[in-house]
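*Asks:* Got a structure here, written out as structure tokens. Questions coming.
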Amino acid sequence: MKFREYGWDDYFENHFDNLKQDGRFPGRIIREDRGIYKAVTDSGILPCMISGKMRLNDEFPVTGDWVVMSETKGSYIIHGIIPRKTFFSRKEAGKTGDRQILAANMDFVFIMTSMNANFNVRRIERYLVLAKESGALPVIILSKADLAEDKDVLLSEVRKVASGSNVILISAKTGFGMEELSGYLTPGLTIAIFGSSGVGKSTLINRLLGEEALRTNEVRECDEEGRHTTTWRELVMLPCGAMIVDTPGLREVGISDVDGIDGAFEDIMDIASGCKFRDCSHMNEPGCAVIAALDTGELDRNRYDSFLKLRKENDYFASRDDISAKLKEKQKRKKFSKMQKRMKENGEC
Ligand SMILES: Nc1nc2c(ncn2[C@@H]2O[C@H](COP(=O)(O)OP(=O)(O)O)[C@@H](O)[C@H]2O)c(=O)[nH]1
Ligand SMILES: [Mg+2]
Ligand SMILES: [Zn+2]
């Protein structure tokens with residue numbers, strides 16, 4: 001079955017069995033662009049839309065999702081999403097703490113930063129929190145190695161914040177680092193690639209596509225200077241059999257309601273195991289091993305500040321969620337008691 005090539009396995013098979021009905025078949029979303037989806041199915045790549053019920057339930061598939069579909073009079077309808085194995089999400093832009101899912105069912109998350117002006121370890125930490133949260137394995141990719149003067153310095157800076165994730169230096173221009181990268185290009189596995197606009201995500205994908213890129217480039221959108229720009233999330237099958245999701249650059253990488261912070265700050269968690277109190281906040285408690293590590297210089301202050309900042313951001317939105325949930329609950333109760341009162345007055349109960 002061709003599906004296996006797209007990552008279909010026993011996990012999806014078992015979940016699909018539970019959702020199966022007459023005329024329903026599975027497909028994998030390879031592109032999502034403002035409500036229009038494309039899915040790869042047993043009958044090839046099909047354009048499709050979600051059902052009214054899904055729309056009502058605010059249930060929207062994303063690139064990489066496996067979905068349950070049907071055909072009615074030549075139109076293809078998506079009825080449900082097969083439970084995701086992994087998904088990458090960020091805080092939705094704006095003031096609420098809602099999360100927006102950007103890609104699903106990937107095995108690896110490539111966090112890409114370029115080694116020139118875009119280089120910023122604090123941004124890598126942010127992405128790493130979300131990548132750890134995703135359930136996929138994060139890999140940090142430092143691009144444009146051909147432009148970096150002090151490669152080794154930058155590399156060691158990144159290793160310090162990598163929390164054990166592999167860091168790979170590449171140049172999509174010269175081909176440097178491609179061999180190391182190829183270790184992640186396994187047939188049937190999916191990579192999702194994230195990073196700011198201009199770091200070289202599409203250039204890398206085009207390089208991995210090789211000859212095929214020339215063909216695909218013709219149909220890809222270009223900016224005024226004729227450069228290919230990514231405006232949608234697209235899952236691309238590489239000639240080697242691995243899949244990669246290209247994404248438009250993220251301007252905001254907000255964090256809300258995640259558990260990934262500890263995973264992205266393993267070094268701090270290790271130190272914290274020596275704190276006197278188990279629920280130590282590492283801010284002002286006596287016997288705090290983290291504060292002690294700051295004093296001895298074992299822990300870098302910028303990294304510590306970054307940890308506190310991300311934790312605060314996460315808590316801020318988490319508590320806002322709590323408040324709005326409580327408010328909603330209160331309104332619901334008020335409405336209910338009003339209704340009860342009215343019913344009593346009308347002698348209905
Ligand atoms: N020097 C150099 N330039 C690169 C490299 N990779 C990408 N670029 C350039 O960086 C610019 C942005 O690349 P693009 O792939 O569109 O970035 P994206 O927004 O992350 O998809 C383009 O002008 C590329 O030619 C590289 O390895 N070395
Ligand atoms: Mg791009
Ligand atoms: Zn502590």
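Within each chain, counting starts at residue 1; across the structure tokens, chains are named A, B, ... in the order shown, with ligands numbered 1 upward in that order.
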Taking only C-alpha atoms and all ligand atoms into account, report as a ChimeraX atom specification which residues have an atom no farther than 12 Å from an atom of ligand 3.
*Replies:* /A:268-294,304,308
*Asks:* Kindly provide, as an mmCIF file with all heavy atoms, in the first residue's frame, all nucleotide and amino acid residues lying within 10 Å of ligand 2, counting only C-alpha atoms and all ligand atoms.
*Replies:*
```cif
data_model
loop_
_atom_site.group_PDB
_atom_site.id
_atom_site.type_symbol
_atom_site.label_atom_id
_atom_site.label_comp_id
_atom_site.auth_asym_id
_atom_site.auth_seq_id
_atom_site.Cartn_x
_atom_site.Cartn_y
_atom_site.Cartn_z
ATOM 1 N N ILE A 193 9.796 21.679 9.411
ATOM 2 C CA ILE A 193 10.903 22.623 9.540
ATOM 3 C C ILE A 193 10.366 24.008 9.920
ATOM 4 O O ILE A 193 9.424 24.498 9.307
ATOM 5 C CB ILE A 193 11.734 22.605 8.231
ATOM 6 C CG1 ILE A 193 12.964 23.465 8.307
ATOM 7 C CG2 ILE A 193 10.961 22.945 7.032
ATOM 8 C CD1 ILE A 193 13.957 23.116 7.195
ATOM 9 N N PHE A 194 10.913 24.581 11.002
ATOM 10 C CA PHE A 194 10.441 25.880 11.495
ATOM 11 C C PHE A 194 11.599 26.842 11.660
ATOM 12 O O PHE A 194 12.723 26.439 11.966
ATOM 13 C CB PHE A 194 9.735 25.713 12.848
ATOM 14 C CG PHE A 194 8.485 24.903 12.760
ATOM 15 C CD1 PHE A 194 8.495 23.557 13.088
ATOM 16 C CD2 PHE A 194 7.308 25.476 12.314
ATOM 17 C CE1 PHE A 194 7.336 22.792 12.981
ATOM 18 C CE2 PHE A 194 6.145 24.716 12.204
ATOM 19 C CZ PHE A 194 6.163 23.377 12.544
ATOM 20 N N GLY A 195 11.320 28.117 11.487
ATOM 21 C CA GLY A 195 12.339 29.144 11.650
ATOM 22 C C GLY A 195 11.841 30.431 11.040
ATOM 23 O O GLY A 195 10.824 30.434 10.334
ATOM 24 N N SER A 196 12.529 31.530 11.314
ATOM 25 C CA SER A 196 12.095 32.818 10.771
ATOM 26 C C SER A 196 12.185 32.796 9.249
ATOM 27 O O SER A 196 12.863 31.952 8.666
ATOM 28 C CB SER A 196 12.998 33.944 11.274
ATOM 29 O OG SER A 196 13.181 33.855 12.649
ATOM 30 N N SER A 197 11.534 33.764 8.664
ATOM 31 C CA SER A 197 11.575 33.920 7.216
ATOM 32 C C SER A 197 13.006 34.253 6.791
ATOM 33 O O SER A 197 13.682 35.023 7.455
ATOM 34 C CB SER A 197 10.617 35.052 6.850
ATOM 35 O OG SER A 197 10.612 35.239 5.477
ATOM 36 N N GLY A 198 13.469 33.640 5.726
ATOM 37 C CA GLY A 198 14.778 33.986 5.181
ATOM 38 C C GLY A 198 15.949 33.165 5.714
ATOM 39 O O GLY A 198 17.082 33.368 5.294
ATOM 40 N N VAL A 199 15.691 32.225 6.628
ATOM 41 C CA VAL A 199 16.813 31.443 7.168
ATOM 42 C C VAL A 199 17.282 30.344 6.202
ATOM 43 O O VAL A 199 18.355 29.778 6.387
ATOM 44 C CB VAL A 199 16.503 30.818 8.554
ATOM 45 C CG1 VAL A 199 16.300 31.897 9.608
ATOM 46 C CG2 VAL A 199 15.319 29.874 8.504
ATOM 47 N N GLY A 200 16.466 30.057 5.192
ATOM 48 C CA GLY A 200 16.899 29.090 4.184
ATOM 49 C C GLY A 200 16.135 27.774 4.191
ATOM 50 O O GLY A 200 16.627 26.772 3.673
ATOM 51 N N LYS A 201 14.916 27.786 4.717
ATOM 52 C CA LYS A 201 14.133 26.547 4.787
ATOM 53 C C LYS A 201 13.820 26.017 3.380
ATOM 54 O O LYS A 201 14.051 24.850 3.083
ATOM 55 C CB LYS A 201 12.811 26.791 5.549
ATOM 56 C CG LYS A 201 13.018 27.260 6.986
ATOM 57 C CD LYS A 201 11.710 27.470 7.719
ATOM 58 C CE LYS A 201 10.874 28.629 7.214
ATOM 59 N NZ LYS A 201 11.504 29.959 7.366
ATOM 60 N N SER A 202 13.300 26.901 2.543
ATOM 61 C CA SER A 202 12.902 26.455 1.202
ATOM 62 C C SER A 202 14.118 26.083 0.361
ATOM 63 O O SER A 202 14.063 25.143 -0.441
ATOM 64 C CB SER A 202 12.090 27.543 0.506
ATOM 65 O OG SER A 202 10.943 27.844 1.264
ATOM 66 N N THR A 203 15.218 26.813 0.556
ATOM 67 C CA THR A 203 16.430 26.510 -0.214
ATOM 68 C C THR A 203 16.928 25.105 0.122
ATOM 69 O O THR A 203 17.324 24.344 -0.763
ATOM 70 C CB THR A 203 17.536 27.550 0.092
ATOM 71 O OG1 THR A 203 16.975 28.850 -0.077
ATOM 72 C CG2 THR A 203 18.725 27.389 -0.828
ATOM 73 N N LEU A 204 16.870 24.754 1.401
ATOM 74 C CA LEU A 204 17.281 23.410 1.805
ATOM 75 C C LEU A 204 16.373 22.359 1.163
ATOM 76 O O LEU A 204 16.851 21.368 0.608
ATOM 77 C CB LEU A 204 17.241 23.272 3.337
ATOM 78 C CG LEU A 204 17.431 21.840 3.850
ATOM 79 C CD1 LEU A 204 18.848 21.329 3.538
ATOM 80 C CD2 LEU A 204 17.141 21.735 5.343
ATOM 81 N N ILE A 205 15.061 22.618 1.216
ATOM 82 C CA ILE A 205 14.121 21.643 0.646
ATOM 83 C C ILE A 205 14.359 21.500 -0.856
ATOM 84 O O ILE A 205 14.401 20.391 -1.390
ATOM 85 C CB ILE A 205 12.668 22.028 0.975
ATOM 86 C CG1 ILE A 205 12.455 21.881 2.488
ATOM 87 C CG2 ILE A 205 11.676 21.170 0.207
ATOM 88 C CD1 ILE A 205 11.127 22.334 3.001
ATOM 89 N N ASN A 206 14.576 22.610 -1.522
ATOM 90 C CA ASN A 206 14.847 22.545 -2.959
ATOM 91 C C ASN A 206 16.108 21.738 -3.242
ATOM 92 O O ASN A 206 16.176 20.978 -4.194
ATOM 93 C CB ASN A 206 14.984 23.950 -3.546
ATOM 94 C CG ASN A 206 13.610 24.584 -3.752
ATOM 95 O OD1 ASN A 206 12.600 23.896 -3.776
ATOM 96 N ND2 ASN A 206 13.579 25.895 -3.858
ATOM 97 N N ARG A 227 11.849 35.410 -6.271
ATOM 98 C CA ARG A 227 12.252 34.367 -5.326
ATOM 99 C C ARG A 227 11.036 33.592 -4.867
ATOM 100 O O ARG A 227 9.959 34.152 -4.725
ATOM 101 C CB ARG A 227 12.933 34.993 -4.105
ATOM 102 C CG ARG A 227 14.371 35.361 -4.352
ATOM 103 C CD ARG A 227 14.971 35.880 -3.087
ATOM 104 N NE ARG A 227 14.068 36.842 -2.449
ATOM 105 C CZ ARG A 227 14.469 37.998 -1.910
ATOM 106 N NH1 ARG A 227 15.725 38.324 -1.906
ATOM 107 N NH2 ARG A 227 13.606 38.806 -1.344
ATOM 108 N N HIS A 228 11.268 32.345 -4.629
ATOM 109 C CA HIS A 228 10.167 31.510 -4.138
ATOM 110 C C HIS A 228 9.848 31.869 -2.688
ATOM 111 O O HIS A 228 10.720 31.934 -1.847
ATOM 112 C CB HIS A 228 10.558 30.038 -4.277
ATOM 113 C CG HIS A 228 9.791 29.140 -3.372
ATOM 114 N ND1 HIS A 228 10.385 28.128 -2.667
ATOM 115 C CD2 HIS A 228 8.488 29.130 -3.048
ATOM 116 C CE1 HIS A 228 9.464 27.526 -1.945
ATOM 117 N NE2 HIS A 228 8.313 28.109 -2.167
ATOM 118 N N THR A 229 8.606 32.163 -2.419
ATOM 119 C CA THR A 229 8.227 32.429 -1.030
ATOM 120 C C THR A 229 7.183 31.400 -0.608
ATOM 121 O O THR A 229 6.340 31.000 -1.407
ATOM 122 C CB THR A 229 7.605 33.830 -0.858
ATOM 123 O OG1 THR A 229 6.504 33.914 -1.771
ATOM 124 C CG2 THR A 229 8.580 34.928 -1.161
ATOM 125 N N THR A 230 7.255 30.982 0.614
ATOM 126 C CA THR A 230 6.302 29.996 1.100
ATOM 127 C C THR A 230 5.161 30.731 1.778
ATOM 128 O O THR A 230 5.383 31.510 2.680
ATOM 129 C CB THR A 230 6.979 29.078 2.129
ATOM 130 O OG1 THR A 230 8.234 28.692 1.604
ATOM 131 C CG2 THR A 230 6.148 27.865 2.417
ATOM 132 N N THR A 231 3.944 30.507 1.308
ATOM 133 C CA THR A 231 2.824 31.187 1.945
ATOM 134 C C THR A 231 1.886 30.161 2.580
ATOM 135 O O THR A 231 0.917 30.514 3.195
ATOM 136 C CB THR A 231 2.027 32.037 0.945
ATOM 137 O OG1 THR A 231 1.664 31.187 -0.134
ATOM 138 C CG2 THR A 231 2.828 33.206 0.433
ATOM 139 N N TRP A 232 2.173 28.898 2.371
ATOM 140 C CA TRP A 232 1.315 27.881 2.974
ATOM 141 C C TRP A 232 2.207 26.791 3.523
ATOM 142 O O TRP A 232 3.398 26.754 3.263
ATOM 143 C CB TRP A 232 0.364 27.318 1.910
ATOM 144 C CG TRP A 232 1.098 26.805 0.715
ATOM 145 C CD1 TRP A 232 1.795 25.642 0.625
ATOM 146 C CD2 TRP A 232 1.238 27.459 -0.554
ATOM 147 N NE1 TRP A 232 2.356 25.523 -0.614
ATOM 148 C CE2 TRP A 232 2.033 26.612 -1.360
ATOM 149 C CE3 TRP A 232 0.753 28.660 -1.082
ATOM 150 C CZ2 TRP A 232 2.370 26.935 -2.669
ATOM 151 C CZ3 TRP A 232 1.105 28.962 -2.387
ATOM 152 C CH2 TRP A 232 1.892 28.118 -3.163
ATOM 153 N N ARG A 233 1.613 25.913 4.283
ATOM 154 C CA ARG A 233 2.353 24.775 4.809
ATOM 155 C C ARG A 233 2.133 23.603 3.875
ATOM 156 O O ARG A 233 1.007 23.274 3.547
ATOM 157 C CB ARG A 233 1.891 24.455 6.221
ATOM 158 C CG ARG A 233 2.306 25.519 7.198
ATOM 159 C CD ARG A 233 1.751 25.268 8.562
ATOM 160 N NE ARG A 233 0.614 26.121 8.849
ATOM 161 C CZ ARG A 233 0.702 27.406 9.197
ATOM 162 N NH1 ARG A 233 1.868 27.968 9.310
ATOM 163 N NH2 ARG A 233 -0.357 28.121 9.438
ATOM 164 N N ASP A 246 7.345 22.182 4.649
ATOM 165 C CA ASP A 246 7.881 23.547 4.542
ATOM 166 C C ASP A 246 6.844 24.475 5.154
ATOM 167 O O ASP A 246 5.645 24.288 4.967
ATOM 168 C CB ASP A 246 8.094 23.898 3.063
ATOM 169 C CG ASP A 246 8.932 25.163 2.896
ATOM 170 O OD1 ASP A 246 9.447 25.686 3.904
ATOM 171 O OD2 ASP A 246 9.074 25.633 1.745
ATOM 172 N N THR A 247 7.295 25.453 5.918
ATOM 173 C CA THR A 247 6.351 26.371 6.560
ATOM 174 C C THR A 247 6.777 27.801 6.279
ATOM 175 O O THR A 247 7.959 28.081 6.136
ATOM 176 C CB THR A 247 6.330 26.171 8.089
ATOM 177 O OG1 THR A 247 7.621 26.467 8.616
ATOM 178 C CG2 THR A 247 5.954 24.761 8.470
ATOM 179 N N PRO A 248 5.815 28.736 6.218
ATOM 180 C CA PRO A 248 6.201 30.134 6.093
ATOM 181 C C PRO A 248 6.902 30.562 7.384
ATOM 182 O O PRO A 248 6.663 29.963 8.436
ATOM 183 C CB PRO A 248 4.874 30.872 5.932
ATOM 184 C CG PRO A 248 3.793 29.880 6.052
ATOM 185 C CD PRO A 248 4.373 28.548 6.337
ATOM 186 N N GLY A 249 7.750 31.571 7.306
ATOM 187 C CA GLY A 249 8.472 32.022 8.493
ATOM 188 C C GLY A 249 7.528 32.450 9.602
ATOM 189 O O GLY A 249 6.480 33.028 9.338
#
```
*Asks:* So which residues of stretch 89-303 of chain A fall under helix (DSSP H, G or I) by DSSP, listed as a PyMOL selection string?
*Replies:* chain A and resi 121-134+145-147+151-161+178-182+201-209+211-219+261-264+266-272+289-296+301-303
*Asks:* Compile the contact shell of stretch 28-30 of chain A as a PyMOL selection string: residues with an atom at most 6 Å away, counting only C-alpha atoms, same-chain residues fewer than 4 positions apart removed.
*Replies:* chain A and resi 38-40+63-66+234-235
*Asks:* For atom CA of A:Val68 and atom CA of A:Arg84, determine how far apart the two atoms are, in Å to one decimal place.
*Replies:*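 Distance between the two atoms: 12.7 Å.
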*Asks:* Write out as a ChimeraX atom specification which residues come within 6 Å of stretch 154-168 of chain A when counting only C-alpha atoms, dropping same-chain ones fewer than 2 positions away.
*Replies:* /A:139-141,151-152,264,266
*Asks:* Restricting the calculation to only C-alpha atoms and all ligand atoms, which member of A:Thr113, A:Ser171, A:Thr186, A:Thr296 is positioned closest to ligand 1?
*Replies:*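 With only C-alpha atoms and all ligand atoms as the atom set, the closest residue is A:Ser171.
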*Asks:* Record the distance separating atom CA of A:Pro61 and atom CA of A:Ala104, expressed in Å with one decimal.
*Replies:*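 Separating atom CA of A:Pro61 from atom CA of A:Ala104 is a distance of 8.8 Å.
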*Asks:* What lies within 12 Å of A:Asp146 using only C-alpha atoms, ignoring chain neighbours under 3 positions off, as a ChimeraX atom specification?
*Replies:* /A:114-116,142-143,149-151,169-177
*Asks:* Taking the DSSP assignment computed from this structure's backbone, write out as a VMD selection string all residues of stretch 70-235 of chain A that belong to strand (DSSP E or B).
*Replies:* chain A and resid 70 to 72 75 to 81 87 to 91 99 to 104 108 to 114 137 to 143 166 to 169 190 to 194 222 228 233 to 235
*Asks:* Taking only C-alpha atoms into account, produce a table as a tab-separated table in which each residue of stretch 81-138 of chain A with an atom at most 10 Å from an atom of stretch 5-25 of chain A appears once, together with its shortest atom pair and the distance in Å to one decimal, ordered by chain and rising number.
*Replies:*
```
residue	atom	partner	partner_atom	distance
A:Ile81	CA	A:Phe16	CA	9.4
A:Ile82	CA	A:His15	CA	6.4
A:Pro83	CA	A:His15	CA	7.2
A:Arg84	CA	A:Phe12	CA	8.7
A:Lys85	CA	A:Tyr11	CA	8.4
A:Asn105	CA	A:Gly7	CA	8.7
A:Met106	CA	A:Gly7	CA	9.2
A:Asp107	CA	A:Gly7	CA	9.7
```
*Asks:* Please save N, CA and C atoms of the selected residues as a PDB file, in the first residue's frame.
*Replies:*
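Result file follows (result_11.pdb):
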```pdb
ATOM      1  N   ILE A  81     -10.503  13.912  12.058  1.00  0.00           N
ATOM      2  CA  ILE A  81      -9.047  13.814  12.108  1.00  0.00           C
ATOM      3  C   ILE A  81      -8.689  12.563  12.905  1.00  0.00           C
ATOM      4  N   ILE A  82      -7.856  11.726  12.358  1.00  0.00           N
ATOM      5  CA  ILE A  82      -7.370  10.563  13.113  1.00  0.00           C
ATOM      6  C   ILE A  82      -6.440  11.114  14.198  1.00  0.00           C
ATOM      7  N   PRO A  83      -6.591  10.655  15.463  1.00  0.00           N
ATOM      8  CA  PRO A  83      -5.788  11.256  16.541  1.00  0.00           C
ATOM      9  C   PRO A  83      -4.315  11.426  16.159  1.00  0.00           C
ATOM     10  N   ARG A  84      -3.799  12.618  16.465  1.00  0.00           N
ATOM     11  CA  ARG A  84      -2.424  12.955  16.071  1.00  0.00           C
ATOM     12  C   ARG A  84      -1.424  12.253  16.974  1.00  0.00           C
ATOM     13  N   LYS A  85      -0.344  11.782  16.366  1.00  0.00           N
ATOM     14  CA  LYS A  85       0.753  11.193  17.148  1.00  0.00           C
ATOM     15  C   LYS A  85       1.583  12.302  17.774  1.00  0.00           C
ATOM     16  N   ASN A 105       1.883  15.026  13.075  1.00  0.00           N
ATOM     17  CA  ASN A 105       2.429  13.700  12.757  1.00  0.00           C
ATOM     18  C   ASN A 105       3.826  13.751  12.146  1.00  0.00           C
ATOM     19  N   MET A 106       4.653  14.648  12.675  1.00  0.00           N
ATOM     20  CA  MET A 106       6.035  14.637  12.206  1.00  0.00           C
ATOM     21  C   MET A 106       6.875  13.853  13.217  1.00  0.00           C
ATOM     22  N   ASP A 107       7.949  13.242  12.709  1.00  0.00           N
ATOM     23  CA  ASP A 107       8.863  12.485  13.571  1.00  0.00           C
ATOM     24  C   ASP A 107       9.969  13.388  14.099  1.00  0.00           C
TER      25      ASP A 107
END
```
*Asks:* Please identify all polymer residues within 12 Å of A:Lys91, counting only C-alpha atoms, omitting same-chain residues fewer than 4 positions from it, and present them as number ranges by chain.
*Replies:* A: 95-102, 126-127, 129-130, 250-258, 313-314, 316-318
*Asks:* Store the residues of this selection in a file with C-alpha atoms, as a PDB file, in the first residue's frame.
*Replies:*
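Final output, saved to selection-v6.pdb:
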```pdb
ATOM      1  CA  LYS A  95      -3.911  38.454  23.366  1.00  0.00           C
ATOM      2  CA  THR A  96      -5.627  35.144  24.085  1.00  0.00           C
ATOM      3  CA  GLY A  97      -3.679  32.121  25.183  1.00  0.00           C
ATOM      4  CA  ASP A  98      -5.222  29.854  22.536  1.00  0.00           C
ATOM      5  CA  ARG A  99      -2.904  27.550  20.706  1.00  0.00           C
ATOM      6  CA  GLN A 100      -2.606  27.197  16.976  1.00  0.00           C
ATOM      7  CA  ILE A 101      -1.477  23.875  15.538  1.00  0.00           C
ATOM      8  CA  LEU A 102       0.919  24.286  12.625  1.00  0.00           C
ATOM      9  CA  ARG A 126      11.764  29.388  22.448  1.00  0.00           C
ATOM     10  CA  TYR A 127      11.444  27.031  19.483  1.00  0.00           C
ATOM     11  CA  VAL A 129      10.200  24.550  24.181  1.00  0.00           C
ATOM     12  CA  LEU A 130       7.556  24.095  21.477  1.00  0.00           C
ATOM     13  CA  LEU A 250       7.024  32.552  11.948  1.00  0.00           C
ATOM     14  CA  ARG A 251       7.103  36.111  13.194  1.00  0.00           C
ATOM     15  CA  GLU A 252       5.755  35.236  16.620  1.00  0.00           C
ATOM     16  CA  VAL A 253       6.748  32.169  18.557  1.00  0.00           C
ATOM     17  CA  GLY A 254       4.521  32.603  21.602  1.00  0.00           C
ATOM     18  CA  ILE A 255       4.345  30.092  24.392  1.00  0.00           C
ATOM     19  CA  SER A 256       1.230  29.255  26.363  1.00  0.00           C
ATOM     20  CA  ASP A 257      -0.003  26.289  28.353  1.00  0.00           C
ATOM     21  CA  VAL A 258       2.914  23.954  27.572  1.00  0.00           C
ATOM     22  CA  GLU A 313       4.873  33.927  29.698  1.00  0.00           C
ATOM     23  CA  ASN A 314       3.555  30.384  29.917  1.00  0.00           C
ATOM     24  CA  TYR A 316       0.505  34.234  32.337  1.00  0.00           C
ATOM     25  CA  PHE A 317      -1.528  32.655  29.577  1.00  0.00           C
ATOM     26  CA  ALA A 318      -2.273  29.547  31.611  1.00  0.00           C
TER      27      ALA A 318
END
```
*Asks:* Using only C-alpha atoms and all ligand atoms, can you tell me which of A:Met112, A:Ile36, A:Val153, A:Met237 comes closest to ligand 1?
*Replies:* A:Met112
*Asks:* Just give me the gap between atom CA of A:Ser75 and atom CA of A:Met54 in Å, one decimal is fine.
*Replies:*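 Rounded to one decimal, the two atoms are 16.3 Å apart.
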*Asks:* For ligand 1, which of A:Arg207, A:Lys73, A:Arg34, A:Arg4 is the closest residue, counting only C-alpha atoms and all ligand atoms?
*Replies:* A:Arg207
*Asks:* Between A:Lys144, A:Arg31, A:Arg55, A:Arg122, which is the closest to ligand 1 once you count only C-alpha atoms and all ligand atoms?
*Replies:*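 Of A:Lys144, A:Arg31, A:Arg55, A:Arg122, the one nearest ligand 1 is A:Lys144, counting only C-alpha atoms and all ligand atoms.
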